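In what follows, a structure is listed as structure tokens, so that the remarks can point back to it.
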Amino acid sequence: MSVTAFSLPKFCRNTWLITRFELFRLFGSPRGWFALAAFAVIWFLILRYPIFEASAALQQADTQAMLSRVFGMIGMYKLMAWPLPELIVYWLISLVLLPLAVVITSADQTSSDRSRGTLRFLTLRTSRDSIFFGRFLGQWLVQGLLIIISLVATLGMAAWRQHSLSLAALEAALIMGLNLFIVLAPFTALMALCSVLVRSSKLAVCLAIVGGGVLIGLISWAGWYFPDVLRLLQYMPGAQVPALLSNQGWSTFKEVTLPLVQTVVLLAVGRIALQGKSL
Amino acid sequence: MSTIIQAQQLSKSFGRHQVLHSLNFSIEAGEPIALIGPNGAGKTTLFSILCGFLKQDHGNIEIFGQKPGSEGLSGRVSALPQDAMLDPNFSIGTQLTFYGQLQGMNKATAVAETRRVLALVDLADYISQKATVLSHGMRKRVAIAQALLGQPELVLLDEPTAGLDPVNALQVRQIIANLTSEATFMISSHNIFELERLCGTVLYLEHGKLVQQRSVQQGAIGYLSLQLENADAALVLNVLRQLPGVNSVENAQKNEFAIHYDRELAPDLDISLIGVLRAQGWQYRSLTQGRTLEQQLFAVANG
């Protein structure tokens with residue numbers, strides 16, 4: 001009778017080794033350095049122009065009052081309550097741009113390794129679960145580190161402008177960082193799944209965008225006939241982002257359940273898909 | 001000797017095309033095993049199932065009593081998968097060290113082990129190079145090196161010398177020959193002559209069916225293989241068939257003759273044969289005991 005040995009310590013050890021190798025891929029390889037340089041340039045442009053210019057405008061009392069009315073009309077009346085104008089603009093930009101960036105940057109979790117055959121070398125030494133979850137964790141941690149770097153740069157810019165930083169600003173940055181980390185989790189898990197289903201990162205991006213678009217279209221179409229179906233839109237990745245913008249401070253964490261559940265579901269589906277794949 | 005691979009009613013299809021048909025076989029630890037068959041026979045599919053890359057549709061297969069791909073086989077079973085390539089973004093040393101760590105080694109041991117296996121394939125100087133700068137033959141040798149990391153008990157090599165020049169192919173054969181006392185090798189190849197030199201047991205697949213499983217030595221008793229310089233085949237056949245104790249003579253290829261004889265009636269046939277060659281003035285290239293693996297396989301397959 002055959003035995004399928006599973007060892008939790010070995011699974012954890014190998015998952016962590018693979019996670020660490022993903023971090024090494026970013027910080028220890030020329031390709032990773034190139035990606036970091038591109039990240040730095042993009043964030044320099046974002047900080048220098050939208051954030052710097054907008055935060056300068058936000059310091060005007062009349063502008064603040066006008067924007068509070070505008071954001072209030074679309075339910076984001078608490079947006080202006082964040083302590084630093086730089087953080088307000090950072091929060092708005094990050095919540096919209098980072099999920100899109102994650103769809104592109106974390107699209108190649110397993111696809112090219114599978115088409116190249118490198119995954120075969122790995123599966124001879126560790127389980128498919130270790131590879132799948134290790135790659136996901138690695139990508140997620142990379143995003144966490146990049147969020148920290150961009151937040152520190154934003155705070156640095158604010159400190160340079162006003163020569164000091166309040167404790168409230170630091171607390172707000174912590175809240176934003178944690179929230180963004182959670183917001184990105186389902187998108188990273190979605191790309192882990194797409195990466196399993198196709199054999200290249202480009203196809204994974206196409207699958208995520210086209211698949212998401214088709215799904216939204218189908219739900220909207222079905223909503224004409226069965227209005228209750230439209231509720232499904234509330235469960236799409238990123239559906240909680242408008243609610244996040246309507247909250248401020250620690251109350252934003254009321255919205256963490258949905259992305260965490262989405263992440264678990266997407267990872268479970270991706271894990272099943274990889275188990276059934278031929279390598 | 002212990003059974004390391006046990007397959008029962010193993011079948012695999014791709015769509016409507018059945019690639020493996022109810023294979024039953026068992027493999028003992030020890031001498032290298034050859035997996036032979038023409039293109040499309042199902043060799044790579046069988047290897048992929050053994051490595052856990054593919055799942056069979058029906059039947060059961062166990063390696064060391066475990067399902068292929070089980071974590072418990074990590075470090076015990078290694079393989080050279082056909083056409084698999086290393087990640088082009090990292091040096092071969094970095095990747096082999098990482099593989100060693102996944103097998104359970106600590107960093108220092110994995111580094112030392114990487115140096116050892118690269119030295120085995122004569123690529124120690126390339127530890128810092130990426131796979132993209134290596135030639136096809138070198139990449140193949142690196143892929144063989146990764147299969148030797150640690151102390152695997154079973155090494156599965158799918159076409160290890162395919163695409164290699166004769167010098168590199170010889171080197172790979174020497175590496176395998178030197179390591180046969182440390183691990184059981186299972187090698188698939190189209191090159192029967194290569195496998196004949198290395199292997200003790202042969203699995204012959206054809207159209208996804210196991211046509212034969214036999215010992216290479218099994219077909220050697222009572223046969224002589226003679227290779228002559230230019231000779232009149234009809235005359236040679238006529239002369240050799242008249243020798244006492246000879247049952248049959250076949251001229252399978254130009255200037256090559258397989259002589260089946262009765263060992264009790266003609267225990268010294270090889271000596272008599274040399275006398276005949278001298279008397280007839282025929283120059284010979286080789287006279288060997290037994291039949292070639294090719295003759296053994298195809299005599300049974302055709303007969």
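Every chain in the structure tokens takes a letter, A first, then B, and so on in the order presented; its residues are numbered from 1, and the ligands are numbered from 1 following the presented order.
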
Can you check which parts of chain A lie within 12 Å of chain B? Per residue, the shortest pair of atoms and distance in Å to one decimal, counting only C-alpha atoms, sorted by chain and number, as CSV.
residue,atom,partner,partner_atom,distance
A:Met1,CA,B:Gly65,CA,6.8
A:Ser2,CA,B:Gln66,CA,4.6
A:Val3,CA,B:Gln66,CA,4.8
A:Thr4,CA,B:Ser70,CA,5.7
A:Ala5,CA,B:Gly72,CA,5.2
A:Phe6,CA,B:Glu71,CA,6.3
A:Ser7,CA,B:Glu71,CA,7.8
A:Leu8,CA,B:Glu71,CA,10.6
A:Pro9,CA,B:Gly104,CA,11.1
A:Lys10,CA,B:Gly104,CA,8.2
A:Phe11,CA,B:Glu71,CA,8.8
A:Cys12,CA,B:Leu102,CA,11.1
A:Arg13,CA,B:Leu102,CA,8.3
A:Asn14,CA,B:Leu102,CA,5.8
A:Thr15,CA,B:Leu102,CA,9.2
A:Trp16,CA,B:Leu102,CA,10.1
A:Leu17,CA,B:Leu102,CA,7.3
A:Ile18,CA,B:Leu102,CA,8.5
A:Thr19,CA,B:Phe98,CA,11.8
A:Arg20,CA,B:Phe98,CA,10.4
A:Phe21,CA,B:Phe98,CA,8.2
A:Glu22,CA,B:Phe98,CA,11.7
A:Phe24,CA,B:Phe90,CA,10.1
A:Arg25,CA,B:Asn89,CA,8.3
A:Leu26,CA,B:Asn89,CA,10.8
A:Gly28,CA,B:Phe90,CA,9.3
A:Ser29,CA,B:Asn89,CA,7.2
A:Pro30,CA,B:Asn89,CA,8.1
A:Arg31,CA,B:Asn89,CA,7.2
A:Gly32,CA,B:Asn89,CA,9.4
A:Trp33,CA,B:Asn89,CA,11.9
A:Thr110,CA,B:Asp87,CA,11.7
A:Ser112,CA,B:Asp87,CA,9.3
A:Asp113,CA,B:Asp87,CA,7.4
A:Arg114,CA,B:Ala84,CA,9.2
A:Ser115,CA,B:Ala84,CA,8.8
A:Arg116,CA,B:Met85,CA,5.8
A:Gly117,CA,B:Ala84,CA,4.1
A:Thr118,CA,B:Leu86,CA,5.4
A:Leu119,CA,B:Ala84,CA,8.4
A:Arg120,CA,B:Phe53,CA,6.9
A:Phe121,CA,B:Ala84,CA,7.7
A:Leu122,CA,B:Tyr99,CA,7.0
A:Thr123,CA,B:Gly69,CA,7.1
A:Leu124,CA,B:Ser74,CA,6.1
A:Arg125,CA,B:Ser74,CA,4.7
A:Thr126,CA,B:Glu71,CA,6.1
A:Ser127,CA,B:Glu71,CA,6.0
A:Arg128,CA,B:Gly69,CA,8.9
A:Asp129,CA,B:Glu71,CA,10.5
A:Ser130,CA,B:Leu102,CA,10.1
A:Ile131,CA,B:Leu102,CA,10.6
A:Leu274,CA,B:Phe53,CA,11.0
A:Gln275,CA,B:Lys55,CA,10.0
A:Gly276,CA,B:Lys55,CA,8.3
A:Lys277,CA,B:Leu54,CA,7.7
A:Ser278,CA,B:Leu54,CA,5.0
A:Leu279,CA,B:Phe53,CA,4.9

* Determine which residues of range 131-165 of chain B receive a DSSP assignment of helix (DSSP H, G or I), computed from the backbone, and state them as a PyMOL selection string. => chain B and resi 131-133+136-147

Residues just named, written with C-alpha atoms as a PDB file, in the first residue's frame:
ATOM      1  CA  ALA B 131      22.634  28.642 -17.886  1.00  0.00           C
ATOM      2  CA  THR B 132      22.106  30.958 -20.868  1.00  0.00           C
ATOM      3  CA  VAL B 133      25.853  31.273 -21.532  1.00  0.00           C
ATOM      4  CA  HIS B 136      23.618  22.655 -25.142  1.00  0.00           C
ATOM      5  CA  GLY B 137      25.991  19.933 -23.974  1.00  0.00           C
ATOM      6  CA  MET B 138      26.996  21.915 -20.892  1.00  0.00           C
ATOM      7  CA  ARG B 139      23.370  22.581 -19.982  1.00  0.00           C
ATOM      8  CA  LYS B 140      22.666  18.891 -20.232  1.00  0.00           C
ATOM      9  CA  ARG B 141      25.579  18.158 -17.924  1.00  0.00           C
ATOM     10  CA  VAL B 142      24.334  20.757 -15.425  1.00  0.00           C
ATOM     11  CA  ALA B 143      20.906  19.091 -15.542  1.00  0.00           C
ATOM     12  CA  ILE B 144      22.612  15.760 -14.823  1.00  0.00           C
ATOM     13  CA  ALA B 145      24.546  17.418 -11.988  1.00  0.00           C
ATOM     14  CA  GLN B 146      21.303  18.555 -10.324  1.00  0.00           C
ATOM     15  CA  ALA B 147      20.089  14.960 -10.472  1.00  0.00           C
TER      16      ALA B 147
END

Set the distance at 10 Å and use only C-alpha atoms: which residues neighbour Leu197 in chain A once local chain neighbours fewer than 6 positions away are removed? I'd like the list as a compact mmCIF listing (two decimals) with N, CA and C atoms, in the first residue's frame.
# COMPACT_ATOMS: atom_id res chain seq x y z
N THR A 110 4.19 31.18 -11.42
CA THR A 110 4.61 29.82 -11.79
C THR A 110 4.61 29.58 -13.30
N SER A 111 4.02 30.50 -14.07
CA SER A 111 3.75 30.20 -15.49
C SER A 111 5.02 29.96 -16.30
N MET A 191 -3.58 36.47 -9.24
CA MET A 191 -2.52 36.25 -10.23
C MET A 191 -1.81 34.91 -10.00
N LEU A 203 -0.12 36.05 -20.81
CA LEU A 203 -1.43 35.40 -20.86
C LEU A 203 -2.14 35.49 -19.51
N ALA A 204 -1.36 35.42 -18.43
CA ALA A 204 -1.95 35.51 -17.09
C ALA A 204 -2.59 36.89 -16.89
N LEU A 207 -5.69 37.01 -19.01
CA LEU A 207 -6.75 36.20 -18.39
C LEU A 207 -7.40 36.96 -17.25
N GLY A 270 -6.54 28.02 -6.70
CA GLY A 270 -5.23 27.93 -7.37
C GLY A 270 -4.47 26.70 -6.95
N ALA A 273 -5.96 23.76 -8.67
CA ALA A 273 -5.61 23.79 -10.10
C ALA A 273 -4.17 23.31 -10.31
N LEU A 274 -3.25 23.73 -9.45
CA LEU A 274 -1.85 23.32 -9.63
C LEU A 274 -1.67 21.83 -9.35
N LYS A 277 -2.42 19.92 -12.43
CA LYS A 277 -1.72 20.28 -13.67
C LYS A 277 -0.62 19.29 -14.01
